[in-house]
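The file work_7.txt comes next; it holds compact mmCIF, C-alpha atoms.
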```
# COMPACT_ATOMS: atom_id res chain seq x y z
CA ASP F 1026 111.74 101.90 117.25
CA ALA F 1027 115.36 100.89 117.16
CA LYS F 1028 115.88 98.83 114.02
CA THR F 1029 117.23 95.31 113.63
CA THR F 1030 118.53 93.65 110.48
CA GLN F 1031 118.34 89.90 109.88
CA PRO F 1032 118.92 87.67 106.86
CA ASN F 1033 115.68 86.73 105.14
CA SER F 1034 116.36 83.01 105.26
CA MET F 1035 118.83 80.39 106.42
CA GLU F 1036 119.20 76.65 106.09
CA SER F 1037 120.55 74.12 108.53
CA ASN F 1038 120.96 70.38 108.60
CA GLU F 1039 119.13 68.53 111.31
CA GLU F 1040 121.20 67.99 114.49
CA GLU F 1041 123.70 70.66 113.43
CA PRO F 1042 124.15 73.92 115.37
CA VAL F 1043 122.52 77.04 113.93
CA HIS F 1044 123.74 80.59 114.37
CA LEU F 1045 121.12 83.22 113.55
CA PRO F 1046 122.64 86.72 113.31
CA CYS F 1047 121.03 90.06 114.08
CA ASN F 1048 122.45 93.56 113.65
CA HIS F 1049 121.18 96.41 115.79
CA SER F 1050 123.71 99.20 115.37
CA THR F 1051 121.38 101.91 116.79
CA ILE F 1052 120.67 100.06 120.03
CA SER F 1053 120.35 102.28 123.09
CA GLY F 1054 121.64 101.58 126.57
CA THR F 1055 118.22 100.58 127.90
CA ASP F 1056 117.23 98.26 125.04
CA TYR F 1057 116.92 94.58 125.80
CA ILE F 1058 117.54 92.15 122.92
CA HIS F 1059 114.66 89.72 122.57
CA TRP F 1060 114.25 86.75 120.26
CA TYR F 1061 110.95 85.22 119.31
CA ARG F 1062 110.01 82.54 116.83
CA GLN F 1063 106.83 81.74 114.97
CA LEU F 1064 106.15 78.19 113.94
CA PRO F 1065 103.76 77.65 111.03
CA SER F 1066 100.14 78.43 111.94
CA GLN F 1067 101.03 79.47 115.50
CA GLY F 1068 101.48 82.68 117.43
CA PRO F 1069 104.93 84.08 118.17
CA GLU F 1070 106.80 82.30 120.95
CA TYR F 1071 109.37 83.85 123.25
CA VAL F 1072 112.82 82.25 122.94
CA ILE F 1073 115.35 84.25 124.94
CA HIS F 1074 116.42 87.76 125.87
CA GLY F 1075 119.41 89.59 127.27
CA LEU F 1076 120.90 93.00 127.93
CA THR F 1077 124.70 92.76 127.93
CA SER F 1078 125.83 89.30 128.96
CA ASN F 1079 125.42 86.06 127.05
CA VAL F 1080 122.39 84.08 128.13
CA ASN F 1081 121.47 80.40 128.05
CA ASN F 1082 118.13 78.68 128.55
CA ARG F 1083 116.62 75.35 127.67
CA MET F 1084 115.72 76.50 124.16
CA ALA F 1085 118.78 78.39 122.98
CA SER F 1086 121.76 80.59 123.76
CA LEU F 1087 122.13 84.29 123.06
CA ALA F 1088 125.54 85.72 122.33
CA ILE F 1089 125.74 89.52 122.53
CA ALA F 1090 128.64 91.44 121.03
CA GLU F 1091 130.71 93.54 123.40
CA ASP F 1092 129.51 96.77 121.76
CA ARG F 1093 125.93 95.40 121.73
CA LYS F 1094 125.53 96.31 118.07
CA SER F 1095 124.90 92.72 117.09
CA SER F 1096 123.78 89.45 118.60
CA THR F 1097 123.50 85.81 117.61
CA LEU F 1098 120.85 83.28 118.54
CA ILE F 1099 122.36 79.83 118.81
CA LEU F 1100 120.35 76.65 118.51
CA HIS F 1101 122.74 73.94 119.60
CA ARG F 1102 121.19 71.05 117.69
CA ALA F 1103 118.55 71.96 115.14
CA THR F 1104 115.51 69.72 114.96
CA LEU F 1105 112.74 69.70 112.38
CA ARG F 1106 110.54 71.36 115.00
CA ASP F 1107 112.88 74.37 114.97
CA ALA F 1108 111.82 75.29 111.43
CA ALA F 1109 110.21 78.67 111.98
CA VAL F 1110 110.58 82.41 111.43
CA TYR F 1111 112.95 83.88 114.02
CA TYR F 1112 112.58 87.51 115.04
CA CYS F 1113 115.19 89.66 116.73
CA ILE F 1114 113.57 92.58 118.54
CA LEU F 1115 114.77 95.43 120.74
CA ARG F 1116 112.61 96.11 123.75
CA ASP F 1117 113.02 99.34 125.67
CA GLY F 1118 113.56 98.72 129.38
CA GLY F 1119 112.66 102.31 130.16
CA GLY F 1120 108.93 102.15 129.56
CA TYR F 1121 106.03 100.30 128.05
CA GLN F 1122 106.60 100.59 124.36
CA LYS F 1123 105.19 98.60 121.53
CA VAL F 1124 107.14 95.63 120.27
CA THR F 1125 107.50 95.72 116.51
CA PHE F 1126 108.11 92.57 114.51
CA GLY F 1127 110.12 92.76 111.31
CA THR F 1128 110.25 90.11 108.62
CA GLY F 1129 112.65 87.90 110.61
CA THR F 1130 114.76 84.99 109.39
CA LYS F 1131 112.97 81.96 108.00
CA LEU F 1132 114.93 78.92 109.14
CA GLN F 1133 114.65 75.77 107.10
CA VAL F 1134 115.89 72.56 108.73
CA ILE F 1135 116.93 69.84 106.32
CA PRO F 1136 116.55 66.23 107.48
CA GLU L 1208 103.07 76.62 132.68
CA PRO L 1209 100.58 79.54 132.62
CA GLU L 1210 99.46 80.58 129.17
CA VAL L 1211 97.45 83.20 127.34
CA THR L 1212 94.15 81.82 126.07
CA GLN L 1213 92.09 83.25 123.23
CA THR L 1214 88.53 82.55 122.17
CA PRO L 1215 87.14 81.75 119.73
CA SER L 1216 89.84 80.07 117.68
CA HIS L 1217 87.96 80.92 114.50
CA GLN L 1218 85.30 83.57 113.94
CA VAL L 1219 83.39 84.06 110.73
CA THR L 1220 81.38 87.23 110.34
CA GLN L 1221 79.65 89.19 107.62
CA MET L 1222 80.93 92.52 106.43
CA GLY L 1223 79.54 95.36 108.53
CA GLN L 1224 79.01 93.26 111.65
CA GLU L 1225 80.72 93.80 114.99
CA VAL L 1226 82.97 91.16 116.55
CA ILE L 1227 84.52 90.80 119.97
CA LEU L 1228 87.69 88.79 120.33
CA ARG L 1229 88.44 87.57 123.82
CA CYS L 1230 91.68 86.92 125.65
CA VAL L 1231 92.60 85.77 129.12
CA PRO L 1232 96.13 86.99 129.85
CA ILE L 1233 98.46 85.34 132.35
CA SER L 1234 97.12 86.23 135.78
CA ASN L 1235 100.03 88.21 137.26
CA HIS L 1236 100.80 90.11 134.06
CA LEU L 1237 100.17 93.84 133.93
CA TYR L 1238 100.69 94.72 130.25
CA PHE L 1239 98.41 93.56 127.48
CA TYR L 1240 98.67 93.73 123.71
CA TRP L 1241 96.82 92.95 120.51
CA TYR L 1242 98.57 92.11 117.27
CA ARG L 1243 97.27 90.98 113.92
CA GLN L 1244 98.78 89.03 111.06
CA ILE L 1245 97.24 89.06 107.61
CA LEU L 1246 97.93 85.80 105.80
CA GLY L 1247 101.51 85.70 104.54
CA GLN L 1248 102.44 89.06 106.06
CA LYS L 1249 104.22 90.40 109.13
CA VAL L 1250 102.92 90.38 112.67
CA GLU L 1251 101.59 93.93 113.15
CA PHE L 1252 101.21 95.78 116.44
CA LEU L 1253 97.74 97.15 117.13
CA VAL L 1254 97.61 98.37 120.71
CA SER L 1255 99.14 98.08 124.16
CA PHE L 1256 97.17 98.46 127.39
CA TYR L 1257 98.32 99.14 130.93
CA ASN L 1258 96.61 100.31 134.09
CA ASN L 1259 93.21 100.27 132.39
CA GLU L 1260 94.15 102.53 129.57
CA ILE L 1261 95.73 102.41 126.14
CA SER L 1262 99.46 103.13 126.40
CA GLU L 1263 100.30 102.98 122.68
CA LYS L 1264 98.45 102.30 119.48
CA SER L 1265 99.38 101.97 115.84
CA GLU L 1266 97.91 103.79 112.88
CA ILE L 1267 95.91 100.62 112.16
CA PHE L 1268 94.06 101.00 115.46
CA ASP L 1269 91.54 103.62 114.40
CA ASP L 1270 88.02 104.36 115.63
CA GLN L 1271 86.84 101.01 114.29
CA PHE L 1272 88.74 99.26 117.08
CA SER L 1273 88.45 99.38 120.85
CA VAL L 1274 89.87 97.41 123.75
CA GLU L 1275 88.55 96.76 127.19
CA ARG L 1276 89.40 94.91 130.35
CA PRO L 1277 85.86 94.34 131.59
CA ASP L 1278 86.87 92.38 134.69
CA GLY L 1279 90.01 91.16 136.40
CA SER L 1280 90.75 88.42 133.91
CA ASN L 1281 89.51 89.18 130.39
CA PHE L 1282 90.96 91.50 127.77
CA THR L 1283 88.85 92.10 124.68
CA LEU L 1284 89.27 93.57 121.21
CA LYS L 1285 86.11 94.90 119.57
CA ILE L 1286 86.01 95.52 115.86
CA ARG L 1287 83.01 97.52 114.67
CA SER L 1288 81.62 97.44 111.15
CA THR L 1289 84.04 94.79 109.93
CA LYS L 1290 85.55 95.01 106.46
CA LEU L 1291 86.92 92.31 104.19
CA GLU L 1292 90.45 93.54 104.87
CA ASP L 1293 90.01 92.90 108.61
CA SER L 1294 90.34 89.18 107.85
CA ALA L 1295 93.49 88.09 109.69
CA MET L 1296 94.85 86.21 112.68
CA TYR L 1297 94.55 88.29 115.82
CA PHE L 1298 97.00 87.55 118.61
CA CYS L 1299 96.69 88.64 122.21
CA ALA L 1300 99.83 88.90 124.34
CA SER L 1301 100.71 89.83 127.89
CA SER L 1302 103.86 90.62 129.81
CA GLU L 1303 104.71 90.91 133.48
CA GLU L 1304 106.67 94.14 133.17
CA ALA L 1305 107.21 96.72 130.45
CA TYR L 1306 110.46 95.15 129.30
CA SER L 1307 109.54 91.51 130.02
CA PRO L 1308 109.02 88.93 127.30
CA LEU L 1309 105.65 88.85 125.63
CA HIS L 1310 103.59 85.68 125.96
CA PHE L 1311 101.25 85.15 123.04
CA GLY L 1312 98.02 83.24 122.70
CA ASN L 1313 97.36 80.92 119.78
CA GLY L 1314 95.25 83.52 118.04
CA THR L 1315 91.76 83.98 116.66
CA ARG L 1316 91.35 83.59 112.93
CA LEU L 1317 88.84 86.21 111.82
CA THR L 1318 87.21 85.71 108.45
CA VAL L 1319 85.02 88.51 107.11
CA THR L 1320 82.76 87.51 104.23
```

Can you give me the file's structure in the form of structure tokens?
Amino acid sequence: DAKTTQPNSMESNEEEPVHLPCNHSTISGTDYIHWYRQLPSQGPEYVIHGLTSNVNNRMASLAIAEDRKSSTLILHRATLRDAAVYYCILRDGGGYQKVTFGTGTKLQVIP
Amino acid sequence: EPEVTQTPSHQVTQMGQEVILRCVPISNHLYFYWYRQILGQKVEFLVSFYNNEISEKSEIFDDQFSVERPDGSNFTLKIRSTKLEDSAMYFCASSEEAYSPLHFGNGTRLTVT
């Protein structure tokens, strides 16, 4: 599996923007960048994904570096409900391969 | 919005017994997965399933485990001769295509006593 590197934890104030970084220097041309999050006592939840271009949806934005070796998940206004573990994952578009979760970034939102 | 459903939400079993965890994936999805998460640890991949056969499995998924799609809607994980260390949350997931996002259920908490 292509590897991703994320900070273990981050803090944000409520209603402030949050930028969650992810490094994936060994990404291949067919790897999609996926982000998931896991709220306490729940299963992982899909957030957003992209290949080369920046992506926006109702939950977040994904900014992908031009060389694709890093990406940033952007939560525009953090709420207490956004406190979760965020996982950055590479998913091979060339076949059905397992998705491996790392330790992710634990986001704490301060009221 | 369609969702993955898992039953039961909590299963308690005695060591050595067999359990079957059930999942109903999203109806138009073709790829199915089981993951587990021991309390306080990472989400671990167990197995992926496509076209009525296992496509990948982890080293955790040994002969004690099996998966089945017995009909057009259910996807099951059977754990034979359960051990204390099998106690964990078990998550089912499905995806439309191989590279599509995974949609997870809320999990079954398995407690082996």

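Nearest residue to chain F among L:Phe1282, L:Tyr1242, L:Phe1272, L:Tyr1306 is L:Tyr1306, counting all atoms listed in the file.
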
Would you give the centre and edge lengths, in Å to one decimal, of a box along x, y and z around the listed atoms of region 1093-1099 of chain F, with 6 Å added to each side, as lines of an AutoDock Vina configuration file?
```
center_x = 123.4
center_y = 88.1
center_z = 119.4
size_x = 17.1
size_y = 28.5
size_z = 16.6
```

Could you list, as a ChimeraX atom specification, the residues of chain L having an atom within 10 Å of chain F when counting only C-alpha atoms?
/L:1238,1240,1242-1244,1246,1248-1257,1262-1265,1296-1300,1304-1315

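CA of Arg1093 (chain F) to CA of Arg1062 (chain F) spans 21.0 Å [interatomic distance, one decimal].
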
Residues within 9 Å of Gln1133 (chain F), please, as JSON, numbers by chain. Count all atoms listed in the file; anything in the same chain fewer than 3 positions from it doesn't count.
{"F": [1034, 1035, 1036, 1037, 1038, 1105, 1107, 1108, 1109, 1110]}

Asn1048 (chain F) environment, 12 Å, only C-alpha atoms, sequence neighbours closer than 3 positions dropped, as an MDAnalysis selection string
chainID F and resid 1027:1032 1045 1051:1052 1058 1089:1090 1092:1098 1112:1115 1129

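Those residues that approach Thr1318 (chain L) to within 12 Å, counting only C-alpha atoms, are L:Pro1215, L:Ser1216, L:His1217, L:Gln1218, L:Val1219, L:Thr1220, L:Gln1221, L:Met1222, L:Gln1224, L:Val1226, L:Ile1245, L:Leu1246, L:Thr1289, L:Lys1290, L:Leu1291, L:Glu1292, L:Asp1293, L:Ser1294, L:Ala1295, L:Met1296, L:Tyr1297; same-chain residues fewer than 4 positions away are not listed.
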
Next, write the just-selected residues to a file, as an mmCIF file, keeping the file's coordinate frame, keeping C-alpha atoms as the atom set.
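Result file again_12.cif:
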```
data_model
loop_
_atom_site.group_PDB
_atom_site.id
_atom_site.type_symbol
_atom_site.label_atom_id
_atom_site.label_comp_id
_atom_site.auth_asym_id
_atom_site.auth_seq_id
_atom_site.Cartn_x
_atom_site.Cartn_y
_atom_site.Cartn_z
ATOM 1 C CA PRO L 1215 87.140 81.750 119.730
ATOM 2 C CA SER L 1216 89.840 80.070 117.680
ATOM 3 C CA HIS L 1217 87.960 80.920 114.500
ATOM 4 C CA GLN L 1218 85.300 83.570 113.940
ATOM 5 C CA VAL L 1219 83.390 84.060 110.730
ATOM 6 C CA THR L 1220 81.380 87.230 110.340
ATOM 7 C CA GLN L 1221 79.650 89.190 107.620
ATOM 8 C CA MET L 1222 80.930 92.520 106.430
ATOM 9 C CA GLN L 1224 79.010 93.260 111.650
ATOM 10 C CA VAL L 1226 82.970 91.160 116.550
ATOM 11 C CA ILE L 1245 97.240 89.060 107.610
ATOM 12 C CA LEU L 1246 97.930 85.800 105.800
ATOM 13 C CA THR L 1289 84.040 94.790 109.930
ATOM 14 C CA LYS L 1290 85.550 95.010 106.460
ATOM 15 C CA LEU L 1291 86.920 92.310 104.190
ATOM 16 C CA GLU L 1292 90.450 93.540 104.870
ATOM 17 C CA ASP L 1293 90.010 92.900 108.610
ATOM 18 C CA SER L 1294 90.340 89.180 107.850
ATOM 19 C CA ALA L 1295 93.490 88.090 109.690
ATOM 20 C CA MET L 1296 94.850 86.210 112.680
ATOM 21 C CA TYR L 1297 94.550 88.290 115.820
#
```
